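entry.csv, holding CSV, N, CA and C atoms:
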```
chain,number,residue,atom,x,y,z
A,848,MET,N,57.7,-12.6,1.9
A,848,MET,CA,57.1,-13.9,1.8
A,848,MET,C,55.5,-13.7,1.8
A,849,THR,N,55.0,-14.3,0.7
A,849,THR,CA,53.5,-14.2,0.6
A,849,THR,C,53.0,-15.6,0.9
A,850,LEU,N,52.0,-15.6,1.8
A,850,LEU,CA,51.3,-16.9,2.1
A,850,LEU,C,50.4,-17.3,1.0
A,851,PRO,N,50.3,-18.6,0.7
A,851,PRO,CA,49.3,-19.1,-0.3
A,851,PRO,C,47.9,-18.7,0.2
A,852,GLY,N,47.0,-18.5,-0.8
A,852,GLY,CA,45.7,-18.0,-0.5
A,852,GLY,C,45.0,-18.6,0.6
A,853,SER,N,44.9,-19.9,0.7
A,853,SER,CA,44.2,-20.5,1.8
A,853,SER,C,44.9,-20.3,3.1
A,854,LEU,N,46.2,-20.4,3.2
A,854,LEU,CA,46.9,-20.1,4.4
A,854,LEU,C,46.8,-18.7,4.9
A,855,HIS,N,46.7,-17.8,3.9
A,855,HIS,CA,46.5,-16.4,4.2
A,855,HIS,C,45.2,-16.2,4.9
A,856,VAL,N,44.1,-16.8,4.4
A,856,VAL,CA,42.8,-16.7,5.0
A,856,VAL,C,42.8,-17.3,6.4
A,857,ILE,N,43.4,-18.5,6.6
A,857,ILE,CA,43.5,-19.1,7.9
A,857,ILE,C,44.2,-18.3,8.9
A,858,ASN,N,45.4,-17.7,8.5
A,858,ASN,CA,46.1,-16.9,9.4
A,858,ASN,C,45.4,-15.6,9.8
A,859,GLU,N,44.7,-15.0,8.8
A,859,GLU,CA,43.9,-13.8,9.2
A,859,GLU,C,42.7,-14.2,10.1
A,860,GLY,N,42.1,-15.3,9.9
A,860,GLY,CA,41.1,-15.8,10.8
A,860,GLY,C,41.6,-16.1,12.2
A,861,LEU,N,42.8,-16.7,12.2
A,861,LEU,CA,43.5,-16.9,13.5
A,861,LEU,C,43.8,-15.6,14.2
A,862,ALA,N,44.2,-14.6,13.5
A,862,ALA,CA,44.5,-13.3,14.0
A,862,ALA,C,43.3,-12.7,14.7
A,863,PHE,N,42.1,-12.8,14.1
A,863,PHE,CA,40.9,-12.3,14.6
A,863,PHE,C,40.5,-13.1,15.9
A,864,LEU,N,40.7,-14.4,15.9
A,864,LEU,CA,40.4,-15.2,17.0
A,864,LEU,C,41.3,-14.9,18.2
A,865,LEU,N,42.5,-14.6,17.9
A,865,LEU,CA,43.5,-14.2,19.0
A,865,LEU,C,43.1,-12.9,19.6
A,866,GLU,N,42.6,-12.0,18.8
A,866,GLU,CA,42.2,-10.7,19.3
A,866,GLU,C,41.0,-10.8,20.2
A,867,VAL,N,40.0,-11.7,19.8
A,867,VAL,CA,38.9,-11.9,20.7
A,867,VAL,C,39.3,-12.6,22.0
A,868,LEU,N,40.2,-13.6,21.9
A,868,LEU,CA,40.7,-14.3,23.1
A,868,LEU,C,41.5,-13.3,24.0
A,869,ALA,N,42.2,-12.4,23.4
A,869,ALA,CA,42.9,-11.4,24.3
A,869,ALA,C,41.8,-10.6,25.1
A,870,LEU,N,40.8,-10.2,24.4
A,870,LEU,CA,39.7,-9.5,25.2
A,870,LEU,C,39.1,-10.3,26.2
A,871,ALA,N,38.9,-11.6,25.9
A,871,ALA,CA,38.3,-12.5,26.9
A,871,ALA,C,39.2,-12.7,28.1
A,872,ALA,N,40.5,-12.8,27.8
A,872,ALA,CA,41.5,-12.9,28.9
A,872,ALA,C,41.4,-11.7,29.9
A,873,LEU,N,41.2,-10.5,29.3
A,873,LEU,CA,41.1,-9.3,30.1
A,873,LEU,C,39.8,-9.3,30.9
A,874,VAL,N,38.7,-9.8,30.3
A,874,VAL,CA,37.5,-9.9,31.0
A,874,VAL,C,37.7,-10.8,32.2
A,875,TRP,N,38.3,-12.0,32.0
A,875,TRP,CA,38.5,-13.0,33.0
A,875,TRP,C,39.4,-12.4,34.1
A,876,TRP,N,40.5,-11.7,33.8
A,876,TRP,CA,41.3,-11.1,34.8
A,876,TRP,C,40.6,-10.0,35.6
A,877,GLY,N,39.8,-9.2,34.9
A,877,GLY,CA,39.0,-8.2,35.6
A,877,GLY,C,38.1,-8.8,36.6
A,878,TRP,N,37.4,-9.8,36.2
A,878,TRP,CA,36.4,-10.5,37.1
A,878,TRP,C,37.1,-11.1,38.3
A,879,GLN,N,38.3,-11.6,38.1
A,879,GLN,CA,39.1,-12.3,39.2
A,879,GLN,C,39.9,-11.3,40.1
A,880,SER,N,40.0,-10.1,39.7
A,880,SER,CA,40.9,-9.2,40.3
A,880,SER,C,40.4,-8.4,41.5
A,881,ALA,N,39.1,-8.5,41.8
A,881,ALA,CA,38.5,-7.7,42.8
A,881,ALA,C,37.6,-8.5,43.7
A,882,ASP,N,37.4,-8.0,44.9
A,882,ASP,CA,36.5,-8.8,45.8
A,882,ASP,C,35.0,-8.4,45.7
A,883,HIS,N,34.8,-7.2,45.4
A,883,HIS,CA,33.4,-6.7,45.3
A,883,HIS,C,32.8,-6.8,43.9
A,884,THR,N,31.6,-7.1,43.8
A,884,THR,CA,30.9,-7.3,42.5
A,884,THR,C,31.0,-6.1,41.6
A,885,ALA,N,30.8,-4.9,42.2
A,885,ALA,CA,30.9,-3.7,41.4
A,885,ALA,C,32.3,-3.5,40.8
A,886,ALA,N,33.3,-3.7,41.6
A,886,ALA,CA,34.7,-3.5,41.2
A,886,ALA,C,35.0,-4.6,40.1
A,887,ARG,N,34.5,-5.8,40.3
A,887,ARG,CA,34.8,-6.9,39.4
A,887,ARG,C,34.1,-6.5,38.0
A,888,LEU,N,32.9,-6.1,38.1
A,888,LEU,CA,32.2,-5.7,36.9
A,888,LEU,C,32.9,-4.5,36.1
A,889,LEU,N,33.3,-3.5,36.9
A,889,LEU,CA,34.1,-2.4,36.3
A,889,LEU,C,35.3,-2.8,35.6
A,890,LEU,N,36.1,-3.7,36.3
A,890,LEU,CA,37.4,-4.1,35.7
A,890,LEU,C,37.1,-5.0,34.5
A,891,ALA,N,36.1,-5.9,34.6
A,891,ALA,CA,35.8,-6.8,33.5
A,891,ALA,C,35.3,-6.1,32.3
A,892,VAL,N,34.8,-4.9,32.5
A,892,VAL,CA,34.3,-4.2,31.3
A,892,VAL,C,35.4,-3.2,30.8
A,893,ALA,N,36.0,-2.5,31.8
A,893,ALA,CA,37.0,-1.4,31.4
A,893,ALA,C,38.3,-2.0,30.8
A,894,ALA,N,38.8,-3.1,31.3
A,894,ALA,CA,40.1,-3.6,30.8
A,894,ALA,C,39.9,-3.9,29.3
A,895,PRO,N,39.0,-4.8,28.9
A,895,PRO,CA,38.9,-5.1,27.5
A,895,PRO,C,38.4,-3.9,26.6
A,896,ALA,N,37.6,-3.0,27.2
A,896,ALA,CA,37.2,-1.8,26.5
A,896,ALA,C,38.4,-1.0,26.1
A,897,ALA,N,39.2,-0.8,27.1
A,897,ALA,CA,40.4,0.0,26.9
A,897,ALA,C,41.3,-0.6,25.8
A,898,ALA,N,41.5,-1.9,25.9
A,898,ALA,CA,42.3,-2.6,24.9
A,898,ALA,C,41.6,-2.5,23.5
A,899,ALA,N,40.3,-2.6,23.4
A,899,ALA,CA,39.6,-2.5,22.1
A,899,ALA,C,39.8,-1.1,21.5
A,900,VAL,N,39.7,-0.1,22.4
A,900,VAL,CA,39.8,1.3,21.9
A,900,VAL,C,41.2,1.5,21.3
A,901,VAL,N,42.2,1.1,22.1
A,901,VAL,CA,43.6,1.3,21.7
A,901,VAL,C,43.8,0.5,20.3
A,902,TRP,N,43.3,-0.7,20.3
A,902,TRP,CA,43.4,-1.5,19.1
A,902,TRP,C,42.8,-0.8,17.9
A,903,GLY,N,41.5,-0.4,18.1
A,903,GLY,CA,40.8,0.2,17.0
A,903,GLY,C,41.4,1.5,16.5
A,904,LEU,N,42.0,2.3,17.4
A,904,LEU,CA,42.7,3.5,17.0
A,904,LEU,C,44.0,3.3,16.3
A,905,PHE,N,44.8,2.3,16.7
A,905,PHE,CA,46.1,2.2,16.2
A,905,PHE,C,46.5,0.9,15.5
A,906,ALA,N,45.8,-0.2,15.7
A,906,ALA,CA,46.3,-1.5,15.2
A,906,ALA,C,45.3,-2.2,14.3
A,907,ALA,N,44.1,-1.8,14.2
A,907,ALA,CA,43.1,-2.4,13.4
A,907,ALA,C,43.4,-2.2,11.9
A,908,PRO,N,43.0,-3.0,11.0
A,908,PRO,CA,43.2,-2.8,9.6
A,908,PRO,C,42.8,-1.4,9.1
A,909,LYS,N,41.7,-0.9,9.6
A,909,LYS,CA,41.2,0.4,9.3
A,909,LYS,C,41.3,1.3,10.5
A,910,ALA,N,42.5,1.3,11.1
A,910,ALA,CA,42.7,2.2,12.3
A,910,ALA,C,42.5,3.6,12.0
A,911,ARG,N,42.0,4.4,13.0
A,911,ARG,CA,41.8,5.8,12.9
A,911,ARG,C,43.1,6.5,12.7
A,912,VAL,N,44.2,6.1,13.4
A,912,VAL,CA,45.5,6.7,13.3
A,912,VAL,C,46.5,5.8,12.6
A,913,ALA,N,47.0,6.2,11.5
A,913,ALA,CA,47.9,5.4,10.7
A,913,ALA,C,49.3,5.5,11.3
A,914,LEU,N,49.8,4.3,11.7
A,914,LEU,CA,51.1,4.2,12.3
A,914,LEU,C,52.0,3.4,11.3
A,915,PRO,N,53.3,3.7,11.4
A,915,PRO,CA,54.2,2.8,10.7
A,915,PRO,C,54.2,1.4,11.3
A,916,VAL,N,54.7,0.4,10.5
A,916,VAL,CA,54.6,-1.0,10.9
A,916,VAL,C,55.1,-1.2,12.3
A,917,LEU,N,56.2,-0.6,12.7
A,917,LEU,CA,56.8,-0.7,14.0
A,917,LEU,C,55.8,-0.2,15.1
A,918,GLY,N,55.1,0.9,14.8
A,918,GLY,CA,54.1,1.4,15.8
A,918,GLY,C,53.0,0.4,15.9
A,919,VAL,N,52.5,-0.1,14.8
A,919,VAL,CA,51.4,-1.1,14.9
A,919,VAL,C,51.8,-2.3,15.7
A,920,LEU,N,53.0,-2.8,15.4
A,920,LEU,CA,53.5,-4.0,16.1
A,920,LEU,C,53.7,-3.7,17.6
A,921,THR,N,54.1,-2.5,18.0
A,921,THR,CA,54.2,-2.1,19.4
A,921,THR,C,52.8,-2.1,20.1
A,922,VAL,N,51.8,-1.6,19.4
A,922,VAL,CA,50.5,-1.6,20.0
A,922,VAL,C,50.0,-3.1,20.1
A,923,LYS,N,50.2,-3.9,19.1
A,923,LYS,CA,49.9,-5.3,19.2
A,923,LYS,C,50.6,-6.0,20.4
A,924,ALA,N,51.9,-5.7,20.5
A,924,ALA,CA,52.6,-6.3,21.6
A,924,ALA,C,52.1,-5.8,23.0
A,925,LEU,N,51.7,-4.6,23.1
A,925,LEU,CA,51.1,-4.1,24.3
A,925,LEU,C,49.8,-4.8,24.7
A,926,VAL,N,48.9,-4.9,23.7
A,926,VAL,CA,47.6,-5.5,23.9
A,926,VAL,C,47.7,-7.0,24.2
A,927,PHE,N,48.5,-7.7,23.3
A,927,PHE,CA,48.6,-9.1,23.5
A,927,PHE,C,49.5,-9.4,24.8
A,928,GLY,N,50.5,-8.6,25.0
A,928,GLY,CA,51.3,-8.8,26.2
A,928,GLY,C,50.4,-8.6,27.5
A,929,THR,N,49.5,-7.7,27.5
A,929,THR,CA,48.6,-7.5,28.6
A,929,THR,C,47.7,-8.7,28.8
A,930,ALA,N,47.3,-9.3,27.7
A,930,ALA,CA,46.4,-10.5,27.8
A,930,ALA,C,47.2,-11.7,28.3
A,931,VAL,N,48.5,-11.8,27.9
A,931,VAL,CA,49.3,-12.8,28.4
A,931,VAL,C,49.5,-12.6,29.9
A,932,ALA,N,49.8,-11.4,30.3
A,932,ALA,CA,50.0,-11.1,31.8
A,932,ALA,C,48.7,-11.4,32.5
A,933,ALA,N,47.5,-11.1,31.9
A,933,ALA,CA,46.2,-11.4,32.6
A,933,ALA,C,46.1,-12.9,32.8
A,934,LEU,N,46.4,-13.7,31.8
A,934,LEU,CA,46.3,-15.2,31.9
A,934,LEU,C,47.3,-15.7,33.0
A,935,TYR,N,48.5,-15.1,33.1
A,935,TYR,CA,49.4,-15.5,34.2
A,935,TYR,C,48.7,-15.1,35.6
A,936,ALA,N,48.1,-13.9,35.6
A,936,ALA,CA,47.6,-13.4,36.9
A,936,ALA,C,46.4,-14.3,37.4
A,937,VAL,N,45.7,-14.9,36.5
A,937,VAL,CA,44.6,-15.8,36.9
A,937,VAL,C,45.0,-17.2,37.1
A,938,GLY,N,46.3,-17.4,37.0
A,938,GLY,CA,46.9,-18.8,37.3
A,938,GLY,C,46.9,-19.7,36.1
A,939,ARG,N,46.8,-19.2,34.9
A,939,ARG,CA,46.8,-20.0,33.7
A,939,ARG,C,48.2,-19.9,33.0
A,940,ASP,N,49.3,-20.3,33.6
A,940,ASP,CA,50.6,-20.1,33.1
A,940,ASP,C,50.8,-20.8,31.8
A,941,ARG,N,50.4,-22.0,31.6
A,941,ARG,CA,50.6,-22.7,30.4
A,941,ARG,C,49.7,-22.1,29.2
A,942,TRP,N,48.5,-21.7,29.6
A,942,TRP,CA,47.7,-21.0,28.6
A,942,TRP,C,48.4,-19.7,28.1
A,943,ALA,N,48.9,-19.0,29.1
A,943,ALA,CA,49.6,-17.8,28.7
A,943,ALA,C,50.8,-18.0,27.8
A,944,ALA,N,51.6,-19.0,28.1
A,944,ALA,CA,52.7,-19.3,27.3
A,944,ALA,C,52.3,-19.8,25.9
A,945,VAL,N,51.3,-20.6,25.8
A,945,VAL,CA,50.9,-21.1,24.5
A,945,VAL,C,50.3,-19.9,23.7
A,946,PHE,N,49.5,-19.1,24.4
A,946,PHE,CA,48.9,-17.9,23.7
A,946,PHE,C,50.0,-17.0,23.2
A,947,ALA,N,51.0,-16.8,24.0
A,947,ALA,CA,52.1,-15.9,23.6
A,947,ALA,C,52.8,-16.4,22.3
A,948,VAL,N,53.1,-17.7,22.3
A,948,VAL,CA,53.8,-18.3,21.1
A,948,VAL,C,52.9,-18.3,19.9
A,949,VAL,N,51.6,-18.6,20.0
A,949,VAL,CA,50.7,-18.6,18.9
A,949,VAL,C,50.6,-17.1,18.3
A,950,VAL,N,50.5,-16.2,19.2
A,950,VAL,CA,50.4,-14.8,18.8
A,950,VAL,C,51.7,-14.4,18.1
A,951,ALA,N,52.8,-14.7,18.6
A,951,ALA,CA,54.1,-14.4,18.0
A,951,ALA,C,54.2,-14.9,16.6
A,952,VAL,N,53.9,-16.2,16.4
A,952,VAL,CA,54.0,-16.8,15.1
A,952,VAL,C,53.0,-16.2,14.1
A,953,ASN,N,51.7,-16.0,14.6
A,953,ASN,CA,50.7,-15.4,13.8
A,953,ASN,C,51.1,-14.0,13.3
A,954,THR,N,51.6,-13.2,14.3
A,954,THR,CA,52.0,-11.8,14.0
A,954,THR,C,53.1,-11.8,13.0
A,955,VAL,N,54.1,-12.6,13.2
A,955,VAL,CA,55.3,-12.6,12.2
A,955,VAL,C,54.8,-13.0,10.8
A,956,LEU,N,54.0,-14.1,10.7
A,956,LEU,CA,53.5,-14.5,9.4
A,956,LEU,C,52.6,-13.4,8.8
A,957,ALA,N,51.7,-12.8,9.6
A,957,ALA,CA,50.9,-11.8,9.0
A,957,ALA,C,51.7,-10.6,8.6
A,958,THR,N,52.7,-10.2,9.3
A,958,THR,CA,53.5,-9.0,9.0
A,958,THR,C,54.3,-9.2,7.7
A,959,LEU,N,54.9,-10.4,7.6
A,959,LEU,CA,55.7,-10.7,6.4
A,959,LEU,C,54.7,-10.8,5.2
A,960,ASP,N,53.6,-11.4,5.4
A,960,ASP,CA,52.6,-11.5,4.3
A,960,ASP,C,52.1,-10.2,3.8
A,961,ARG,N,51.7,-9.3,4.8
A,961,ARG,CA,51.2,-8.0,4.4
A,961,ARG,C,52.3,-7.1,3.8
A,962,ASN,N,53.6,-7.2,4.2
A,962,ASN,CA,54.6,-6.5,3.6
A,962,ASN,C,54.9,-6.9,2.2
A,963,ALA,N,54.8,-8.2,2.0
A,963,ALA,CA,55.0,-8.8,0.6
A,963,ALA,C,53.9,-8.3,-0.3
A,964,LEU,N,52.7,-8.3,0.2
A,964,LEU,CA,51.5,-7.9,-0.6
A,964,LEU,C,51.6,-6.4,-0.9
A,965,ALA,N,52.1,-5.6,0.1
A,965,ALA,CA,52.2,-4.1,-0.1
A,965,ALA,C,53.3,-3.8,-1.1
A,966,HIS,N,54.3,-4.6,-1.2
A,966,HIS,CA,55.4,-4.3,-2.2
A,966,HIS,C,55.0,-4.8,-3.6
A,967,ARG,N,53.9,-5.6,-3.6
A,967,ARG,CA,53.4,-6.0,-4.9
A,967,ARG,C,52.3,-5.1,-5.4
A,968,GLY,N,51.9,-4.1,-4.5
A,968,GLY,CA,50.9,-3.2,-4.9
A,968,GLY,C,49.5,-3.6,-4.6
A,969,PHE,N,49.3,-4.5,-3.8
A,969,PHE,CA,47.9,-4.9,-3.4
A,969,PHE,C,47.4,-4.1,-2.3
```

This entry written out as structure tokens:
Amino acid sequence: MTLPGSLHVINEGLAFLLEVLALAALVWWGWQSADHTAARLLLAVAAPAAAAVVWGLFAAPKARVALPVLGVLTVKALVFGTAVAALYAVGRDRWAAVFAVVVAVNTVLATLDRNALAHRGF
């Protein structure tokens, strides 16, 4: 299934926004997860940094390590799943559920679209 041009652009933009929101959720969780300012700061920086490194190595469009589609989807599930868990942990159950659904729909559409484009030679 190939998305029409404008829908492809919107879905790719949404994918980027979801990636940024996942990092923000990890920052929020990190800040809420400790009592002392130094620990809060450490978690608020380290959690999203670790997610960004994993994403950049394995799931980004120009990832350093080329994985098969299933590997990339696994990394995405890990990072986004962690963000969903972070939202639940800070008491935002509905936000977590909505985020999970939007991520799932976006990822399915993007994967189908990329696979269709790859089979066409793009």

(request) Record the distance separating atom CA of Val901 of chain A and atom CA of Val856 of chain A, expressed in Å with one decimal. (result) 24.6 Å

(message) Give me the residues near Leu850 of chain A as a list in words, where near means some atom within 6.5 Å (using only N, CA and C atoms) and where sequence neighbours in that chain fewer than 5 positions away do not count.
(response) His855, Leu959 and Asp960 of chain A

How about saving the chosen residues, N, CA and C atoms kept, as a PDB file, in the frame of the given file?
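Output saved as part.pdb:
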```
ATOM      1  N   HIS A 855      46.700 -17.800   3.900  1.00  0.00           N
ATOM      2  CA  HIS A 855      46.500 -16.400   4.200  1.00  0.00           C
ATOM      3  C   HIS A 855      45.200 -16.200   4.900  1.00  0.00           C
ATOM      4  N   LEU A 959      54.900 -10.400   7.600  1.00  0.00           N
ATOM      5  CA  LEU A 959      55.700 -10.700   6.400  1.00  0.00           C
ATOM      6  C   LEU A 959      54.700 -10.800   5.200  1.00  0.00           C
ATOM      7  N   ASP A 960      53.600 -11.400   5.400  1.00  0.00           N
ATOM      8  CA  ASP A 960      52.600 -11.500   4.300  1.00  0.00           C
ATOM      9  C   ASP A 960      52.100 -10.200   3.800  1.00  0.00           C
TER      10      ASP A 960
END
```

(request) Find the residues around segment 945-951 of chain A up to 8 Å (all atoms listed in the file counted), leave out those fewer than 6 positions away in its own chain, and share them as a count of residues only. (result) 8

(request) One decimal, Å: what's the distance from atom N of Trp902 of chain A over to atom CA of Ala872 of chain A, could you say? (result)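 Separation between atom N of Trp902 of chain A and atom CA of Ala872 of chain A: 15.0 Å.
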
(message) I'd like to know which of A:Gln879, A:Thr921, A:Ser853, A:Thr884 is closest to Ala936 of chain A, using all atoms listed in the file.
(response)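 Distance minimum relative to Ala936 of chain A lands on A:Gln879.
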
(request) Work out how far apart atom CA of Leu890 of chain A and atom CA of Gly877 of chain A are and give it in Å to one decimal. (result) 4.4 Å

(request) Using only C-alpha atoms, determine which residues lie at most 10 Å from Trp876 of chain A, disregarding the query and same-chain residues fewer than 4 positions distant; provide the list as a PyMOL selection string. (result) chain A and resi 870-872+880-881+887+890-891+894-895+930+932-938

Can you write just those residues out, N, CA and C atoms, as an mmCIF file, in the frame of the given file?
```
data_model
loop_
_atom_site.group_PDB
_atom_site.id
_atom_site.type_symbol
_atom_site.label_atom_id
_atom_site.label_comp_id
_atom_site.auth_asym_id
_atom_site.auth_seq_id
_atom_site.Cartn_x
_atom_site.Cartn_y
_atom_site.Cartn_z
ATOM 1 N N LEU A 870 40.800 -10.200 24.400
ATOM 2 C CA LEU A 870 39.700 -9.500 25.200
ATOM 3 C C LEU A 870 39.100 -10.300 26.200
ATOM 4 N N ALA A 871 38.900 -11.600 25.900
ATOM 5 C CA ALA A 871 38.300 -12.500 26.900
ATOM 6 C C ALA A 871 39.200 -12.700 28.100
ATOM 7 N N ALA A 872 40.500 -12.800 27.800
ATOM 8 C CA ALA A 872 41.500 -12.900 28.900
ATOM 9 C C ALA A 872 41.400 -11.700 29.900
ATOM 10 N N SER A 880 40.000 -10.100 39.700
ATOM 11 C CA SER A 880 40.900 -9.200 40.300
ATOM 12 C C SER A 880 40.400 -8.400 41.500
ATOM 13 N N ALA A 881 39.100 -8.500 41.800
ATOM 14 C CA ALA A 881 38.500 -7.700 42.800
ATOM 15 C C ALA A 881 37.600 -8.500 43.700
ATOM 16 N N ARG A 887 34.500 -5.800 40.300
ATOM 17 C CA ARG A 887 34.800 -6.900 39.400
ATOM 18 C C ARG A 887 34.100 -6.500 38.000
ATOM 19 N N LEU A 890 36.100 -3.700 36.300
ATOM 20 C CA LEU A 890 37.400 -4.100 35.700
ATOM 21 C C LEU A 890 37.100 -5.000 34.500
ATOM 22 N N ALA A 891 36.100 -5.900 34.600
ATOM 23 C CA ALA A 891 35.800 -6.800 33.500
ATOM 24 C C ALA A 891 35.300 -6.100 32.300
ATOM 25 N N ALA A 894 38.800 -3.100 31.300
ATOM 26 C CA ALA A 894 40.100 -3.600 30.800
ATOM 27 C C ALA A 894 39.900 -3.900 29.300
ATOM 28 N N PRO A 895 39.000 -4.800 28.900
ATOM 29 C CA PRO A 895 38.900 -5.100 27.500
ATOM 30 C C PRO A 895 38.400 -3.900 26.600
ATOM 31 N N ALA A 930 47.300 -9.300 27.700
ATOM 32 C CA ALA A 930 46.400 -10.500 27.800
ATOM 33 C C ALA A 930 47.200 -11.700 28.300
ATOM 34 N N ALA A 932 49.800 -11.400 30.300
ATOM 35 C CA ALA A 932 50.000 -11.100 31.800
ATOM 36 C C ALA A 932 48.700 -11.400 32.500
ATOM 37 N N ALA A 933 47.500 -11.100 31.900
ATOM 38 C CA ALA A 933 46.200 -11.400 32.600
ATOM 39 C C ALA A 933 46.100 -12.900 32.800
ATOM 40 N N LEU A 934 46.400 -13.700 31.800
ATOM 41 C CA LEU A 934 46.300 -15.200 31.900
ATOM 42 C C LEU A 934 47.300 -15.700 33.000
ATOM 43 N N TYR A 935 48.500 -15.100 33.100
ATOM 44 C CA TYR A 935 49.400 -15.500 34.200
ATOM 45 C C TYR A 935 48.700 -15.100 35.600
ATOM 46 N N ALA A 936 48.100 -13.900 35.600
ATOM 47 C CA ALA A 936 47.600 -13.400 36.900
ATOM 48 C C ALA A 936 46.400 -14.300 37.400
ATOM 49 N N VAL A 937 45.700 -14.900 36.500
ATOM 50 C CA VAL A 937 44.600 -15.800 36.900
ATOM 51 C C VAL A 937 45.000 -17.200 37.100
ATOM 52 N N GLY A 938 46.300 -17.400 37.000
ATOM 53 C CA GLY A 938 46.900 -18.800 37.300
ATOM 54 C C GLY A 938 46.900 -19.700 36.100
#
```

(request) Check segment 852-964 of chain A with DSSP on the backbone and list each residue it calls alpha helix (DSSP H), as a PyMOL selection string. (result) chain A and resi 852-879+884-905+916-936+940-964
